[in-house]
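Report on the structure given below.
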Amino acid sequence: MPEFDFETVVKETKHLVLKTVGDTLIDRFDDSTEDVVQEVYFRVFKSLEKGGFDGRSKISTWIYTIARNEALRMNDKRLREEEKAKRYLVKNKVQLSGVREESSFEKEEWIESVMKQIPEKYRQTLRLYLAGKTMEEIAKELEIREGTVKSRLFRTKEWVRKNIPGGRNEFQES
């Protein structure tokens, strides 16, 4: 079993890891890239420290697999968070209105009323995001940078937390 210098491993695989994570993460979750890359190298380091790389494949193949799995794990995590947020909005709407069962039209009407309260530049970005557009597509359509898109989506989330009933913890499941 060969010895590995962790710094050299990172230098030689960083492009592979970034490409793998970038290709595997769902576009709207690309703000998690740094977290995923850190987790990849944390797992690689811990595994190398314990002799977890058996040498049956190239180290780059082994690290590619770890990177892909970590990106898939992040996708799953973020999708679960989105579902929690949707359930919260529906539950909160039911509690606010006192209505137990609602038609799809009523739910859409309530969501639309919430959307109208969100400041325009954030609402515009959110609508495109909810329509399934990628960060790149939103940036092109609004003629802004991708970083600005991410920032606006983050600020939208913060605005909703502060201005929609439920306070700071509304996205936590009860």
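By order of appearance in the structure tokens: chains A, B, ..., then residues from 1 within every chain, and ligands from 1 in the order shown.
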**OP:** For segment 65-70 of chain A, please output as an MDAnalysis selection string all residues within 12 Å (counting only C-alpha atoms; exclusion window: fewer than 6 positions along the same chain).
**Re:** chainID A and resid 13:26 32:45 47 53 57:59 76:77
Selected residues written out with N, CA, C and O atoms, as a compact mmCIF listing (two decimals), in the first residue's frame:
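Full text of selection_28.txt as output:
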```
# COMPACT_ATOMS: atom_id res chain seq x y z
N THR A 13 -6.14 16.13 -7.76
CA THR A 13 -7.53 15.72 -8.00
C THR A 13 -8.55 16.85 -7.89
O THR A 13 -9.74 16.61 -8.12
N LYS A 14 -8.11 18.06 -7.57
CA LYS A 14 -9.09 19.13 -7.31
C LYS A 14 -9.97 19.43 -8.53
O LYS A 14 -11.16 19.65 -8.39
N HIS A 15 -9.40 19.40 -9.73
CA HIS A 15 -10.20 19.66 -10.93
C HIS A 15 -11.21 18.54 -11.17
O HIS A 15 -12.37 18.80 -11.51
N LEU A 16 -10.77 17.33 -10.97
CA LEU A 16 -11.65 16.17 -11.10
C LEU A 16 -12.81 16.28 -10.10
O LEU A 16 -13.98 16.09 -10.47
N VAL A 17 -12.50 16.60 -8.86
CA VAL A 17 -13.53 16.69 -7.83
C VAL A 17 -14.51 17.82 -8.15
O VAL A 17 -15.73 17.64 -8.10
N LEU A 18 -13.99 18.99 -8.50
CA LEU A 18 -14.87 20.12 -8.83
C LEU A 18 -15.77 19.81 -10.02
O LEU A 18 -16.95 20.12 -10.01
N LYS A 19 -15.21 19.19 -11.05
CA LYS A 19 -16.01 18.83 -12.23
C LYS A 19 -17.07 17.80 -11.87
O LYS A 19 -18.23 17.92 -12.27
N THR A 20 -16.69 16.80 -11.12
CA THR A 20 -17.63 15.75 -10.73
C THR A 20 -18.76 16.32 -9.89
O THR A 20 -19.94 16.04 -10.15
N VAL A 21 -18.42 17.12 -8.91
CA VAL A 21 -19.44 17.73 -8.06
C VAL A 21 -20.32 18.65 -8.90
O VAL A 21 -21.55 18.61 -8.80
N GLY A 22 -19.72 19.47 -9.74
CA GLY A 22 -20.48 20.38 -10.60
C GLY A 22 -21.42 19.65 -11.55
O GLY A 22 -22.55 20.09 -11.77
N ASP A 23 -20.98 18.53 -12.08
CA ASP A 23 -21.81 17.75 -13.01
C ASP A 23 -22.92 16.99 -12.29
O ASP A 23 -23.95 16.70 -12.88
N THR A 24 -22.70 16.65 -11.03
CA THR A 24 -23.64 15.79 -10.31
C THR A 24 -24.68 16.58 -9.51
O THR A 24 -25.83 16.17 -9.43
N LEU A 25 -24.27 17.71 -8.93
CA LEU A 25 -25.22 18.51 -8.16
C LEU A 25 -26.31 19.07 -9.07
O LEU A 25 -26.03 19.50 -10.18
N ILE A 26 -27.53 19.07 -8.57
CA ILE A 26 -28.62 19.73 -9.29
C ILE A 26 -28.27 21.21 -9.36
O ILE A 26 -27.81 21.80 -8.38
N SER A 32 -23.99 24.77 -2.87
CA SER A 32 -23.47 23.79 -1.91
C SER A 32 -22.16 23.16 -2.38
O SER A 32 -21.63 22.28 -1.70
N THR A 33 -21.65 23.60 -3.52
CA THR A 33 -20.44 22.99 -4.08
C THR A 33 -19.29 22.98 -3.09
O THR A 33 -18.64 21.95 -2.88
N GLU A 34 -19.03 24.10 -2.46
CA GLU A 34 -17.90 24.19 -1.53
C GLU A 34 -18.07 23.20 -0.37
O GLU A 34 -17.11 22.52 0.02
N ASP A 35 -19.29 23.10 0.16
CA ASP A 35 -19.54 22.16 1.26
C ASP A 35 -19.28 20.72 0.82
O ASP A 35 -18.71 19.93 1.57
N VAL A 36 -19.72 20.38 -0.38
CA VAL A 36 -19.55 19.02 -0.89
C VAL A 36 -18.06 18.72 -1.08
O VAL A 36 -17.57 17.67 -0.68
N VAL A 37 -17.33 19.65 -1.68
CA VAL A 37 -15.89 19.45 -1.92
C VAL A 37 -15.16 19.26 -0.59
O VAL A 37 -14.32 18.36 -0.46
N GLN A 38 -15.50 20.07 0.40
CA GLN A 38 -14.88 19.92 1.72
C GLN A 38 -15.18 18.54 2.30
O GLN A 38 -14.29 17.88 2.86
N GLU A 39 -16.41 18.09 2.17
CA GLU A 39 -16.79 16.78 2.69
C GLU A 39 -16.05 15.67 1.95
O GLU A 39 -15.62 14.69 2.56
N VAL A 40 -15.88 15.82 0.64
CA VAL A 40 -15.14 14.83 -0.16
C VAL A 40 -13.74 14.68 0.41
O VAL A 40 -13.29 13.57 0.72
N TYR A 41 -13.03 15.80 0.56
CA TYR A 41 -11.65 15.71 1.02
C TYR A 41 -11.55 15.30 2.49
O TYR A 41 -10.58 14.65 2.89
N PHE A 42 -12.55 15.63 3.27
CA PHE A 42 -12.57 15.16 4.65
C PHE A 42 -12.65 13.63 4.65
O PHE A 42 -11.90 12.95 5.35
N ARG A 43 -13.57 13.08 3.83
CA ARG A 43 -13.71 11.62 3.76
C ARG A 43 -12.45 10.96 3.20
O ARG A 43 -12.03 9.90 3.67
N VAL A 44 -11.87 11.57 2.18
CA VAL A 44 -10.64 11.03 1.58
C VAL A 44 -9.53 11.00 2.63
O VAL A 44 -8.87 9.97 2.82
N PHE A 45 -9.35 12.10 3.33
CA PHE A 45 -8.31 12.19 4.34
C PHE A 45 -8.51 11.14 5.43
O PHE A 45 -7.58 10.41 5.78
N SER A 47 -10.19 8.38 5.33
CA SER A 47 -10.03 7.04 4.79
C SER A 47 -8.56 6.70 4.54
O SER A 47 -8.11 5.60 4.84
N PHE A 53 -8.00 3.14 1.41
CA PHE A 53 -7.81 3.00 -0.04
C PHE A 53 -7.01 1.73 -0.28
O PHE A 53 -5.86 1.62 0.14
N SER A 57 -7.85 0.24 -7.59
CA SER A 57 -8.12 1.16 -8.69
C SER A 57 -7.18 2.34 -8.54
O SER A 57 -6.45 2.45 -7.56
N LYS A 58 -7.22 3.24 -9.53
CA LYS A 58 -6.42 4.45 -9.40
C LYS A 58 -7.04 5.31 -8.30
O LYS A 58 -8.26 5.29 -8.09
N ILE A 59 -6.21 6.09 -7.63
CA ILE A 59 -6.73 6.94 -6.55
C ILE A 59 -7.74 7.95 -7.10
O ILE A 59 -8.72 8.28 -6.45
N ASP A 76 -29.98 14.82 -2.36
CA ASP A 76 -31.05 14.23 -1.56
C ASP A 76 -31.39 15.11 -0.36
O ASP A 76 -32.56 15.35 -0.06
N LYS A 77 -30.36 15.61 0.32
CA LYS A 77 -30.58 16.45 1.49
C LYS A 77 -31.35 17.72 1.12
O LYS A 77 -32.31 18.10 1.78
```
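Here atom CA of Arg28 of chain A and atom CA of Glu81 of chain A stand 12.9 Å from one another.
For the choices A:Pro119, A:Gly51, A:Arg145, A:Leu130, the atom-to-atom distance to Glu158 of chain A is smallest for A:Pro119 when using only C-alpha atoms.
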A straight line from atom CA of Thr8 of chain A to atom CA of Glu49 of chain A spans 14.6 Å
Original post:
Could you pull out all residues of chain A with a DSSP call of alpha helix (DSSP H) and give them as JSON, numbers by chain?
Top reply: {"A": [6, 7, 8, 9, 10, 11, 12, 13, 14, 15, 16, 17, 18, 19, 20, 21, 22, 23, 24, 33, 34, 35, 36, 37, 38, 39, 40, 41, 42, 43, 44, 45, 46, 47, 48, 49, 59, 60, 61, 62, 63, 64, 65, 66, 67, 68, 69, 70, 71, 72, 73, 74, 75, 76, 77, 78, 79, 80, 81, 82, 83, 84, 85, 86, 87, 88, 89, 90, 91, 92, 93, 94, 95, 96, 97, 104, 105, 106, 107, 108, 109, 110, 111, 112, 113, 114, 115, 116, 117, 120, 121, 122, 123, 124, 125, 126, 127, 128, 129, 130, 135, 136, 137, 138, 139, 140, 141, 142, 146, 147, 148, 149, 150, 151, 152, 153, 154, 155, 156, 157, 158, 159, 160, 161, 162, 163]}
Please produce a file of the residues just selected, as a CSV table (one decimal), in the first residue's frame, where the atoms kept are C-alpha atoms.
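Once everything was written out, this is selection-v1.csv:
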```csv
chain,number,residue,atom,x,y,z
A,6,PHE,CA,-2.6,14.6,1.2
A,7,GLU,CA,-1.6,18.0,-0.2
A,8,THR,CA,-0.4,16.3,-3.4
A,9,VAL,CA,-3.6,14.2,-3.6
A,10,VAL,CA,-5.7,17.4,-3.4
A,11,LYS,CA,-3.6,19.2,-6.0
A,12,GLU,CA,-3.8,16.3,-8.4
A,13,THR,CA,-7.5,15.7,-8.0
A,14,LYS,CA,-9.1,19.1,-7.3
A,15,HIS,CA,-10.2,19.7,-10.9
A,16,LEU,CA,-11.7,16.2,-11.1
A,17,VAL,CA,-13.5,16.7,-7.8
A,18,LEU,CA,-14.9,20.1,-8.8
A,19,LYS,CA,-16.0,18.8,-12.2
A,20,THR,CA,-17.6,15.7,-10.7
A,21,VAL,CA,-19.4,17.7,-8.1
A,22,GLY,CA,-20.5,20.4,-10.6
A,23,ASP,CA,-21.8,17.8,-13.0
A,24,THR,CA,-23.6,15.8,-10.3
A,33,THR,CA,-20.4,23.0,-4.1
A,34,GLU,CA,-17.9,24.2,-1.5
A,35,ASP,CA,-19.5,22.2,1.3
A,36,VAL,CA,-19.5,19.0,-0.9
A,37,VAL,CA,-15.9,19.4,-1.9
A,38,GLN,CA,-14.9,19.9,1.7
A,39,GLU,CA,-16.8,16.8,2.7
A,40,VAL,CA,-15.1,14.8,-0.2
A,41,TYR,CA,-11.6,15.7,1.0
A,42,PHE,CA,-12.6,15.2,4.6
A,43,ARG,CA,-13.7,11.6,3.8
A,44,VAL,CA,-10.6,11.0,1.6
A,45,PHE,CA,-8.3,12.2,4.3
A,46,LYS,CA,-10.0,10.1,7.0
A,47,SER,CA,-10.0,7.0,4.8
A,48,LEU,CA,-6.4,7.4,3.7
A,49,GLU,CA,-5.4,7.9,7.4
A,59,ILE,CA,-6.7,6.9,-6.5
A,60,SER,CA,-8.5,9.4,-8.9
A,61,THR,CA,-11.2,6.8,-9.7
A,62,TRP,CA,-11.7,6.2,-6.0
A,63,ILE,CA,-11.9,9.9,-5.3
A,64,TYR,CA,-14.3,10.4,-8.2
A,65,THR,CA,-16.6,7.8,-6.6
A,66,ILE,CA,-16.5,9.6,-3.3
A,67,ALA,CA,-17.2,13.0,-5.0
A,68,ARG,CA,-20.1,11.7,-7.0
A,69,ASN,CA,-21.6,10.0,-3.9
A,70,GLU,CA,-21.2,13.1,-1.8
A,71,ALA,CA,-22.9,15.3,-4.5
A,72,LEU,CA,-25.8,12.8,-4.7
A,73,ARG,CA,-26.1,12.8,-0.9
A,74,MET,CA,-26.3,16.7,-1.0
A,75,ASN,CA,-29.0,16.5,-3.7
A,76,ASP,CA,-31.0,14.2,-1.6
A,77,LYS,CA,-30.6,16.5,1.5
A,78,ARG,CA,-31.5,19.6,-0.3
A,79,LEU,CA,-34.6,18.0,-2.0
A,80,ARG,CA,-35.8,16.9,1.5
A,81,GLU,CA,-35.3,20.5,2.7
A,82,GLU,CA,-37.4,21.8,-0.2
A,83,GLU,CA,-40.2,19.3,0.6
A,84,LYS,CA,-40.2,20.4,4.2
A,85,ALA,CA,-40.5,24.0,3.1
A,86,LYS,CA,-43.4,23.2,0.8
A,87,ARG,CA,-45.2,21.2,3.6
A,88,TYR,CA,-44.7,24.1,6.0
A,89,LEU,CA,-46.2,26.6,3.5
A,90,VAL,CA,-49.2,24.3,3.0
A,91,LYS,CA,-49.6,23.6,6.7
A,92,ASN,CA,-49.1,27.2,7.7
A,93,LYS,CA,-51.7,28.3,5.1
A,94,VAL,CA,-54.2,25.8,6.5
A,95,GLN,CA,-53.7,27.0,10.0
A,96,LEU,CA,-53.9,30.7,9.0
A,97,SER,CA,-57.1,30.3,7.1
A,104,SER,CA,-55.4,23.2,-5.6
A,105,PHE,CA,-56.7,26.5,-6.9
A,106,GLU,CA,-57.0,27.9,-3.3
A,107,LYS,CA,-53.5,26.8,-2.5
A,108,GLU,CA,-52.2,28.4,-5.7
A,109,GLU,CA,-54.1,31.6,-4.9
A,110,TRP,CA,-52.6,31.8,-1.4
A,111,ILE,CA,-49.1,31.2,-2.8
A,112,GLU,CA,-49.7,33.9,-5.4
A,113,SER,CA,-50.7,36.3,-2.6
A,114,VAL,CA,-47.5,35.6,-0.7
A,115,MET,CA,-45.5,36.1,-4.0
A,116,LYS,CA,-47.1,39.5,-4.5
A,117,GLN,CA,-45.7,40.6,-1.1
A,120,GLU,CA,-40.1,42.7,-7.2
A,121,LYS,CA,-36.5,42.0,-7.9
A,122,TYR,CA,-36.6,39.0,-5.6
A,123,ARG,CA,-40.0,37.9,-6.9
A,124,GLN,CA,-38.8,37.9,-10.5
A,125,THR,CA,-35.8,35.8,-9.6
A,126,LEU,CA,-37.9,33.4,-7.5
A,127,ARG,CA,-40.5,32.9,-10.3
A,128,LEU,CA,-37.8,31.9,-12.7
A,129,TYR,CA,-36.2,29.6,-10.2
A,130,LEU,CA,-39.5,27.9,-9.3
A,135,MET,CA,-28.9,29.8,-12.3
A,136,GLU,CA,-27.2,30.4,-15.6
A,137,GLU,CA,-30.5,30.7,-17.4
A,138,ILE,CA,-31.9,33.1,-14.8
A,139,ALA,CA,-28.7,35.2,-15.0
A,140,LYS,CA,-29.0,35.5,-18.8
A,141,GLU,CA,-32.7,36.3,-18.7
A,142,LEU,CA,-32.3,39.0,-16.0
A,146,GLU,CA,-25.0,34.1,-11.4
A,147,GLY,CA,-23.7,35.2,-8.1
A,148,THR,CA,-26.4,37.9,-8.0
A,149,VAL,CA,-29.0,35.2,-8.7
A,150,LYS,CA,-27.8,33.2,-5.8
A,151,SER,CA,-27.7,36.3,-3.6
A,152,ARG,CA,-31.2,37.3,-4.5
A,153,LEU,CA,-32.6,33.8,-3.8
A,154,PHE,CA,-30.9,33.8,-0.4
A,155,ARG,CA,-32.3,37.2,0.3
A,156,THR,CA,-35.7,36.1,-0.8
A,157,LYS,CA,-35.6,33.2,1.7
A,158,GLU,CA,-34.5,35.6,4.4
A,159,TRP,CA,-37.3,38.0,3.5
A,160,VAL,CA,-39.9,35.2,3.7
A,161,ARG,CA,-38.6,34.1,7.0
A,162,LYS,CA,-38.9,37.6,8.4
A,163,ASN,CA,-42.2,38.7,6.8
```
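The spacing separating atom CA of Ile164 of chain A from atom CA of Asp31 of chain A amounts to 24.2 Å.
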